[in-house]
Amino acid sequence: MTDVYIAPSLLSADFARIAEQIAAVDEAGADFLHLDVMDGRFVPNLTWGPKIIGDLRKLSRRVFDCHLMIVEPEKYVDDFREAGADIITFHYEATPHAQRLLTHIRSLGAKAGISLCPQTPVAMLQDIIEDCDLVLIMSVNPGFGGQKFIPRSLAKLREARDLIDARNPQCILEVDGGVGSDNIREVVDAGARAIVMGSSIFGTPDPGETTRKLRALVG
Ligand code: DX5
Ligand code: ZN
């Protein structure tokens, strides 16, 4: 069993055929379904809330990996947990009380994740790394699928890997944005263990087959 989690992002899926698209990546062995929640304030785009996640929950037993790109995430984490989120990740930049929120998410029985935008240094995690079950390094500016990977993200992944190895080895290091067959090996070599991919999976004619091929690249 590999220690790399493949996390297709439904942001790039066709919601008119969502049951079929989820079944394709499920059957191909995707580990997480990555669900991008956007509020039009933290990021300049809108997606879905707990109702849709609750409905999607009926379609898959995979780990629901919810990436909240919203302001005041503390107001909504209970609703996302109730809807079926297994991992709840919010942005460091979106709340002044990250440590409190991480602890609260854990108290709900979910895994607590924190995400860093490209401008936020890994050093900001120094005093909260033990409270994190997942660290998400954004390798594009959050808000849209299909953007280009920011090369500096590889160095950030290595820094985060070192911090996690030293202080909280159970914590999952995730990368999100601009990852596909060209660079999946590189991000894993830099320390990422959960790999979010949207357009490089759902932008292809056969998302299931693509998921299998991507996994084969990382063993
Ligand atoms: C972007 C989202 C991503 C998005 C990635 O803000 O957080 O999860 O789906 O899309 P790709 O893989 O196309 O860069
Ligand atoms: Zn995401």
# chains A, B, ... in the order shown; residues from 1 in each chain; ligands from 1

$ closest_atom_pairs --of "segment 153-178 of chain A" --to "segment 99-121 of chain A" --cutoff "10 Å" --atoms "only C-alpha atoms" --output "JSON lines"
{"residue": "A:Ser153", "atom": "CA", "partner": "A:Pro118", "partner_atom": "CA", "distance": 7.4}
{"residue": "A:Lys156", "atom": "CA", "partner": "A:Pro121", "partner_atom": "CA", "distance": 7.7}
{"residue": "A:Glu159", "atom": "CA", "partner": "A:Pro121", "partner_atom": "CA", "distance": 9.4}
{"residue": "A:Ala160", "atom": "CA", "partner": "A:Pro121", "partner_atom": "CA", "distance": 9.6}
{"residue": "A:Cys171", "atom": "CA", "partner": "A:Gly113", "partner_atom": "CA", "distance": 9.0}
{"residue": "A:Ile172", "atom": "CA", "partner": "A:Gly113", "partner_atom": "CA", "distance": 8.7}
{"residue": "A:Leu173", "atom": "CA", "partner": "A:Gly113", "partner_atom": "CA", "distance": 9.5}
{"residue": "A:Glu174", "atom": "CA", "partner": "A:Ser115", "partner_atom": "CA", "distance": 8.9}
{"residue": "A:Val175", "atom": "CA", "partner": "A:Ser115", "partner_atom": "CA", "distance": 9.3}
{"residue": "A:Asp176", "atom": "CA", "partner": "A:Ser115", "partner_atom": "CA", "distance": 9.6}

$ residues_near_ligand --ligand "ligand 2" --cutoff "8 Å" --atoms "only C-alpha atoms and all ligand atoms" --output "count of residues only"
12

$ residues_near_ligand --ligand "ligand 1" --cutoff "10 Å" --atoms "only C-alpha atoms and all ligand atoms" --output "ChimeraX atom specification"
/A:7-13,34-38,43-45,66-69,115,117,136-149,175-180,195-203

$ residues_around --residues "Ser60 of chain A" --least-positions-apart "6" --cutoff "8 Å" --atoms "only C-alpha atoms" --output "list in words"
Ile22, Ala23 and Asp26 of chain A

$ write_last_selection --atoms "C-alpha atoms" --output "mmCIF file, in the first residue's frame"
data_model
loop_
_atom_site.group_PDB
_atom_site.id
_atom_site.type_symbol
_atom_site.label_atom_id
_atom_site.label_comp_id
_atom_site.auth_asym_id
_atom_site.auth_seq_id
_atom_site.Cartn_x
_atom_site.Cartn_y
_atom_site.Cartn_z
ATOM 1 C CA ILE A 22 -17.243 10.352 -8.584
ATOM 2 C CA ALA A 23 -17.737 6.644 -9.343
ATOM 3 C CA ASP A 26 -13.629 6.018 -6.621
#

$ closest_residue --among "A:Val4, A:Asp39, A:Arg57, A:Ala190" --to "Tyr76 of chain A" --atoms "only C-alpha atoms"
A:Asp39

$ decode --residues "segment 171-187 of chain A" --atoms "all heavy atoms" --output "compact mmCIF listing (two decimals), in the first residue's frame"
# COMPACT_ATOMS: atom_id res chain seq x y z
N CYS A 171 1.11 14.09 10.88
CA CYS A 171 0.43 15.13 10.12
C CYS A 171 0.62 14.89 8.61
O CYS A 171 1.72 14.58 8.15
CB CYS A 171 1.01 16.49 10.54
SG CYS A 171 0.29 17.88 9.69
N ILE A 172 -0.47 15.02 7.86
CA ILE A 172 -0.43 14.79 6.41
C ILE A 172 -0.04 16.09 5.71
O ILE A 172 -0.64 17.14 5.97
CB ILE A 172 -1.81 14.31 5.91
CG1 ILE A 172 -2.18 12.97 6.55
CG2 ILE A 172 -1.84 14.21 4.39
CD1 ILE A 172 -3.65 12.57 6.33
N LEU A 173 0.93 16.02 4.83
CA LEU A 173 1.32 17.20 4.04
C LEU A 173 0.66 17.11 2.66
O LEU A 173 0.91 16.17 1.91
CB LEU A 173 2.84 17.29 3.92
CG LEU A 173 3.38 18.49 3.14
CD1 LEU A 173 2.92 19.82 3.73
CD2 LEU A 173 4.92 18.45 3.11
N GLU A 174 -0.17 18.10 2.37
CA GLU A 174 -0.95 18.10 1.12
C GLU A 174 -0.53 19.27 0.25
O GLU A 174 -0.14 20.33 0.75
CB GLU A 174 -2.45 18.21 1.47
CG GLU A 174 -3.40 18.12 0.31
CD GLU A 174 -4.87 18.01 0.75
OE1 GLU A 174 -5.34 18.91 1.49
OE2 GLU A 174 -5.54 17.03 0.37
N VAL A 175 -0.62 19.06 -1.06
CA VAL A 175 -0.31 20.13 -2.02
C VAL A 175 -1.50 20.29 -2.96
O VAL A 175 -2.17 19.31 -3.28
CB VAL A 175 1.00 19.83 -2.79
CG1 VAL A 175 0.91 18.56 -3.62
CG2 VAL A 175 1.43 21.00 -3.65
N ASP A 176 -1.76 21.54 -3.36
CA ASP A 176 -2.98 21.83 -4.13
C ASP A 176 -2.71 22.94 -5.13
O ASP A 176 -2.41 24.07 -4.75
CB ASP A 176 -4.08 22.25 -3.14
CG ASP A 176 -5.43 22.48 -3.79
OD1 ASP A 176 -5.58 22.27 -5.01
OD2 ASP A 176 -6.35 22.87 -3.05
N GLY A 177 -2.83 22.58 -6.41
CA GLY A 177 -2.78 23.59 -7.47
C GLY A 177 -1.68 23.34 -8.49
O GLY A 177 -0.50 23.27 -8.16
N GLY A 178 -2.11 23.15 -9.73
CA GLY A 178 -1.13 23.03 -10.82
C GLY A 178 -0.34 21.74 -10.83
O GLY A 178 0.75 21.70 -11.40
N VAL A 179 -0.89 20.69 -10.21
CA VAL A 179 -0.15 19.41 -10.18
C VAL A 179 -0.77 18.45 -11.21
O VAL A 179 -1.99 18.36 -11.36
CB VAL A 179 -0.17 18.78 -8.77
CG1 VAL A 179 0.59 17.45 -8.76
CG2 VAL A 179 0.43 19.74 -7.74
N GLY A 180 0.10 17.74 -11.90
CA GLY A 180 -0.33 16.76 -12.90
C GLY A 180 0.81 15.80 -13.19
O GLY A 180 1.78 15.71 -12.41
N SER A 181 0.71 15.11 -14.30
CA SER A 181 1.71 14.07 -14.60
C SER A 181 3.13 14.64 -14.73
O SER A 181 4.10 13.94 -14.44
CB SER A 181 1.32 13.31 -15.86
OG SER A 181 1.17 14.21 -16.93
N ASP A 182 3.25 15.91 -15.11
CA ASP A 182 4.59 16.50 -15.30
C ASP A 182 5.35 16.70 -13.99
O ASP A 182 6.57 16.72 -13.97
CB ASP A 182 4.49 17.89 -15.96
CG ASP A 182 3.99 17.78 -17.38
OD1 ASP A 182 3.94 16.65 -17.90
OD2 ASP A 182 3.67 18.84 -17.96
N ASN A 183 4.60 16.96 -12.90
CA ASN A 183 5.30 17.34 -11.66
C ASN A 183 4.85 16.56 -10.42
O ASN A 183 5.30 16.87 -9.32
CB ASN A 183 5.17 18.86 -11.42
CG ASN A 183 3.73 19.33 -11.33
OD1 ASN A 183 2.81 18.54 -11.48
ND2 ASN A 183 3.54 20.61 -11.07
N ILE A 184 4.01 15.54 -10.58
CA ILE A 184 3.55 14.82 -9.39
C ILE A 184 4.73 14.16 -8.65
O ILE A 184 4.80 14.16 -7.42
CB ILE A 184 2.43 13.80 -9.71
CG1 ILE A 184 1.83 13.21 -8.42
CG2 ILE A 184 2.89 12.71 -10.66
CD1 ILE A 184 0.57 12.39 -8.62
N ARG A 185 5.67 13.64 -9.40
CA ARG A 185 6.84 13.00 -8.80
C ARG A 185 7.66 14.01 -7.98
O ARG A 185 8.10 13.74 -6.87
CB ARG A 185 7.68 12.39 -9.92
CG ARG A 185 8.81 11.47 -9.53
CD ARG A 185 8.36 10.16 -8.91
NE ARG A 185 8.72 10.12 -7.50
CZ ARG A 185 8.39 9.15 -6.65
NH1 ARG A 185 7.68 8.12 -7.05
NH2 ARG A 185 8.74 9.18 -5.40
N GLU A 186 7.79 15.21 -8.56
CA GLU A 186 8.56 16.26 -7.87
C GLU A 186 7.93 16.66 -6.54
O GLU A 186 8.63 16.88 -5.55
CB GLU A 186 8.60 17.52 -8.76
CG GLU A 186 9.85 17.67 -9.58
CD GLU A 186 9.81 18.97 -10.36
OE1 GLU A 186 8.80 19.21 -11.07
OE2 GLU A 186 10.78 19.74 -10.26
N VAL A 187 6.59 16.81 -6.51
CA VAL A 187 5.97 17.24 -5.25
C VAL A 187 6.05 16.13 -4.20
O VAL A 187 6.21 16.41 -3.01
CB VAL A 187 4.51 17.76 -5.42
CG1 VAL A 187 4.48 19.01 -6.27
CG2 VAL A 187 3.55 16.71 -5.95
